[in-house]
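Engineer: Next up is a structure, given as structure tokens.
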Amino acid sequence: RHQLKQLEHEDAVQLGHRMLDRALEAMDSSLERLPKGRLDAFLAEHRFPRLEALLAEVALGNWMPTQAAQALMAYAELRGGPHSRHSSQEKILINGSERGVVTFAGCCQPIPGDDIMGYHTAGKGIVVHRMDCPNLAELRKSPERWVLIGWDTTVSGDYDTSLVVEVENGTGVLAQLAAAIAQSHSNIERVDYLDRDFNAAVLAFNIQVRDRNHLAEVMRRLRRLSVVQAVRRQ
């Protein structure tokens, strides 16, 4: 019985290998051409003790060949960074006018100039996240949903972002901050006090900017104020 199960497993591995390689060939790749380090990391993250376990799952239908191939390619490319073979050629460029199919994650509020990635979400299309988004670890559990994206040179529009400003507490401080932001041609959407006592206060400003350069200008103007102790992006 053990020998029969072993033979069935070997058959499943061989069949899964052929099925997965065929799916990868359609993407101009193969199991042998995937970087070993990326492949091992993918297997570890998905809790496969070795490649044969994934191949058997493909043969048994628990992973569709195309699904597995797309997941492997996305993982290898996105983890490969700027030296990835297809990273620059295959990026989808967005310019800010695709609001019906592209949305911007509220958790990290990406703006033009940020390094970004897309996450394909049912009913929402592509949700754009910053590459330093705190939720990235959770998103990595579904690499097949990742989409390589970047900013087009024609990107336009205003984008939401948030700043945390630490200040000396006193009369007229909020007015000074608001004036500095307005002088930077940025709109204030909302202001909240995160902390406040007799001597100091911490405020969160939800503002709109065109890109990272515009945001940097807002932050520079705020830092020039004598009442401002620190400014950081939220």
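In the structure tokens, chains take the letters A, B, ... in the order shown, each chain's residues start at 1, and ligands count up from 1 in the order shown.
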Just want the 8 Å neighbourhood of range 134-151 of chain A, counted on only C-alpha atoms, with same-chain residues fewer than 5 positions away dropped. Output as a PDB file with C-alpha atoms, in the first residue's frame.
Structural biologist:
ATOM      1  CA  GLU A  45       5.930  31.137   2.259  1.00  0.00           C
ATOM      2  CA  HIS A  46       3.209  28.789   0.991  1.00  0.00           C
ATOM      3  CA  GLN A  67      -2.727  30.065 -11.234  1.00  0.00           C
ATOM      4  CA  ALA A  68       0.477  28.473  -9.936  1.00  0.00           C
ATOM      5  CA  GLN A  70       1.233  33.340 -12.429  1.00  0.00           C
ATOM      6  CA  ALA A  71       1.919  33.205  -8.687  1.00  0.00           C
ATOM      7  CA  LEU A  72       5.484  31.997  -9.231  1.00  0.00           C
ATOM      8  CA  ALA A  74       4.707  37.464  -9.842  1.00  0.00           C
ATOM      9  CA  TYR A  75       6.646  36.407  -6.750  1.00  0.00           C
ATOM     10  CA  LEU A  78       8.326  41.510  -7.473  1.00  0.00           C
ATOM     11  CA  SER A  87       9.887  44.352 -14.139  1.00  0.00           C
ATOM     12  CA  GLU A  90       5.632  44.624 -17.979  1.00  0.00           C
ATOM     13  CA  LYS A  91       4.607  47.442 -15.661  1.00  0.00           C
ATOM     14  CA  ILE A  92       1.165  48.918 -16.189  1.00  0.00           C
ATOM     15  CA  LEU A  93       1.573  52.695 -16.153  1.00  0.00           C
ATOM     16  CA  ILE A  94      -1.174  54.755 -14.506  1.00  0.00           C
ATOM     17  CA  ASN A  95      -1.744  58.492 -14.944  1.00  0.00           C
ATOM     18  CA  CYS A 107      -3.800  52.507   4.551  1.00  0.00           C
ATOM     19  CA  CYS A 108      -0.702  53.986   2.864  1.00  0.00           C
ATOM     20  CA  PRO A 112       2.950  60.031  -7.716  1.00  0.00           C
ATOM     21  CA  GLY A 113       6.649  59.440  -7.152  1.00  0.00           C
ATOM     22  CA  ASP A 115       7.293  53.131  -5.415  1.00  0.00           C
ATOM     23  CA  ILE A 116       4.022  51.290  -5.836  1.00  0.00           C
ATOM     24  CA  MET A 117       2.450  47.913  -6.490  1.00  0.00           C
ATOM     25  CA  GLY A 118      -1.059  46.902  -7.491  1.00  0.00           C
ATOM     26  CA  TYR A 119      -3.257  44.354  -5.777  1.00  0.00           C
ATOM     27  CA  HIS A 120      -6.066  42.854  -7.838  1.00  0.00           C
ATOM     28  CA  THR A 121      -9.211  42.870  -5.710  1.00  0.00           C
ATOM     29  CA  ILE A 126      -6.426  47.314  -9.020  1.00  0.00           C
TER      30      ILE A 126
END
Engineer: Return the single residue from A:Ala200, A:Met219, A:Ala53, A:Cys133 that is closest to Ile181 in chain A, with distances computed using only C-alpha atoms.
Structural biologist: A:Met219
Engineer: Please, what distance in Å, to one decimal, runs between CA of Leu225 in chain A and CA of Gly157 in chain A?
Structural biologist: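 Answer for the CA of Leu225 in chain A to CA of Gly157 in chain A separation: 27.9 Å.
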Engineer: Counting only C-alpha atoms, which residue out of A:Ser186, A:Thr103, A:Gln109, A:Gln208 sits closest to Val127 in chain A?
Structural biologist: A:Thr103
Engineer: Run DSSP on the backbone of this structure and report the residues of chain A it assigns to alpha helix (DSSP H), as a PyMOL selection string.
Structural biologist: chain A and resi 2-25+36-45+51-59+65-80+136-139+173-183+212-223
Engineer: I'd like the contact shell of Glu189 in chain A - 10 Å cut-off, only C-alpha atoms, skipping same-chain residues fewer than 4 positions apart - returned as a list in words.
Structural biologist: Asp160, Thr161, Ser162, Phe205, Asn206, Ile207 and Gln208 of chain A
Engineer: Print the selection's residues with N, CA, C and O atoms to a file, as a PDB file, in the first residue's frame.
Structural biologist:
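To be explicit, this is the file written out as again_10.pdb:
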ATOM      1  N   ASP A 160      -4.641  62.296  -2.072  1.00  0.00           N
ATOM      2  CA  ASP A 160      -4.729  62.418  -0.615  1.00  0.00           C
ATOM      3  C   ASP A 160      -3.487  61.862   0.061  1.00  0.00           C
ATOM      4  O   ASP A 160      -2.972  60.801  -0.327  1.00  0.00           O
ATOM      5  N   THR A 161      -3.021  62.558   1.069  1.00  0.00           N
ATOM      6  CA  THR A 161      -1.943  62.070   1.902  1.00  0.00           C
ATOM      7  C   THR A 161      -2.096  62.689   3.283  1.00  0.00           C
ATOM      8  O   THR A 161      -2.911  63.594   3.471  1.00  0.00           O
ATOM      9  N   SER A 162      -1.329  62.213   4.250  1.00  0.00           N
ATOM     10  CA  SER A 162      -1.459  62.685   5.625  1.00  0.00           C
ATOM     11  C   SER A 162      -0.104  63.042   6.206  1.00  0.00           C
ATOM     12  O   SER A 162       0.886  62.353   5.958  1.00  0.00           O
ATOM     13  N   PHE A 205      -2.785  66.202   9.661  1.00  0.00           N
ATOM     14  CA  PHE A 205      -3.384  66.944   8.553  1.00  0.00           C
ATOM     15  C   PHE A 205      -3.625  65.998   7.388  1.00  0.00           C
ATOM     16  O   PHE A 205      -2.682  65.366   6.892  1.00  0.00           O
ATOM     17  N   ASN A 206      -4.848  65.890   6.929  1.00  0.00           N
ATOM     18  CA  ASN A 206      -5.153  65.206   5.684  1.00  0.00           C
ATOM     19  C   ASN A 206      -5.179  66.268   4.590  1.00  0.00           C
ATOM     20  O   ASN A 206      -6.034  67.175   4.619  1.00  0.00           O
ATOM     21  N   ILE A 207      -4.244  66.183   3.657  1.00  0.00           N
ATOM     22  CA  ILE A 207      -4.104  67.202   2.624  1.00  0.00           C
ATOM     23  C   ILE A 207      -4.095  66.558   1.246  1.00  0.00           C
ATOM     24  O   ILE A 207      -4.049  65.328   1.115  1.00  0.00           O
ATOM     25  N   GLN A 208      -4.108  67.397   0.214  1.00  0.00           N
ATOM     26  CA  GLN A 208      -4.016  66.923  -1.162  1.00  0.00           C
ATOM     27  C   GLN A 208      -2.770  67.521  -1.815  1.00  0.00           C
ATOM     28  O   GLN A 208      -2.511  68.722  -1.684  1.00  0.00           O
TER      29      GLN A 208
END
Engineer: Take CA of Gln229 in chain A and CA of Glu168 in chain A and report the distance between them in Å, one decimal.
Structural biologist: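 Here the two named atoms are 7.2 Å from each other.
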Engineer: Provide the CA of Leu43 in chain A to CA of Met27 in chain A distance in Å, to one decimal place.
Structural biologist: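 Here the two named atoms are 19.7 Å from each other.
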Engineer: Using only C-alpha atoms, pick whichever of A:Val228, A:Ala105, A:Leu51, A:Ala175 has the shortest atom-to-atom distance to Leu20 in chain A.
Structural biologist: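 Using only C-alpha atoms, Leu20 in chain A sits closest to A:Leu51.
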Engineer: Taking only range 33-139 of chain A into account, list the residues labelled strand (DSSP E) by DSSP (computed from the backbone), as a PyMOL selection string.
Structural biologist: chain A and resi 92-94+102-104+116-121+125-130
Engineer: Write out as a list in words the residues lying within 10 Å of Leu222 in chain A, counting only C-alpha atoms and excluding same-chain residues fewer than 6 positions away.
Structural biologist: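 Answer for this query is Val165, Gln176, Leu177, Ala178, Ala179, Ala180, Ile181, Ser184, Ala216, Val228, Gln229, Ala230 and Val231 of chain A.
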Engineer: Please, could you write that set of residues out with N, CA and C atoms as a short mmCIF file (atom, residue, chain, number, x, y, z; two decimals), in the first residue's frame?
Structural biologist:
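Final file, out29.cif:
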data_model
loop_
_atom_site.label_atom_id
_atom_site.label_comp_id
_atom_site.auth_asym_id
_atom_site.auth_seq_id
_atom_site.Cartn_x
_atom_site.Cartn_y
_atom_site.Cartn_z
N VAL A 165 2.21 66.47 12.49
CA VAL A 165 3.01 67.65 12.83
C VAL A 165 3.04 67.83 14.34
N GLN A 176 -1.13 79.31 11.80
CA GLN A 176 0.18 79.36 11.13
C GLN A 176 0.39 78.12 10.26
N LEU A 177 0.03 76.97 10.78
CA LEU A 177 0.19 75.73 10.02
C LEU A 177 -0.69 75.74 8.78
N ALA A 178 -1.93 76.16 8.94
CA ALA A 178 -2.86 76.19 7.82
C ALA A 178 -2.38 77.17 6.75
N ALA A 179 -1.82 78.30 7.17
CA ALA A 179 -1.33 79.28 6.21
C ALA A 179 -0.14 78.74 5.42
N ALA A 180 0.77 78.05 6.10
CA ALA A 180 1.93 77.47 5.42
C ALA A 180 1.51 76.44 4.38
N ILE A 181 0.52 75.63 4.71
CA ILE A 181 0.03 74.62 3.77
C ILE A 181 -0.65 75.29 2.59
N SER A 184 1.64 76.63 0.04
CA SER A 184 2.21 75.56 -0.80
C SER A 184 1.21 75.07 -1.84
N ALA A 216 6.96 67.36 -0.51
CA ALA A 216 8.21 67.82 0.10
C ALA A 216 8.20 69.33 0.31
N VAL A 228 7.10 74.67 14.95
CA VAL A 228 7.08 73.26 14.52
C VAL A 228 8.31 72.53 15.02
N GLN A 229 8.10 71.41 15.69
CA GLN A 229 9.19 70.61 16.22
C GLN A 229 9.54 69.43 15.30
N ALA A 230 8.53 68.85 14.62
CA ALA A 230 8.78 67.71 13.73
C ALA A 230 7.62 67.57 12.76
N VAL A 231 7.94 67.10 11.55
CA VAL A 231 6.93 66.83 10.53
C VAL A 231 7.26 65.48 9.91
#
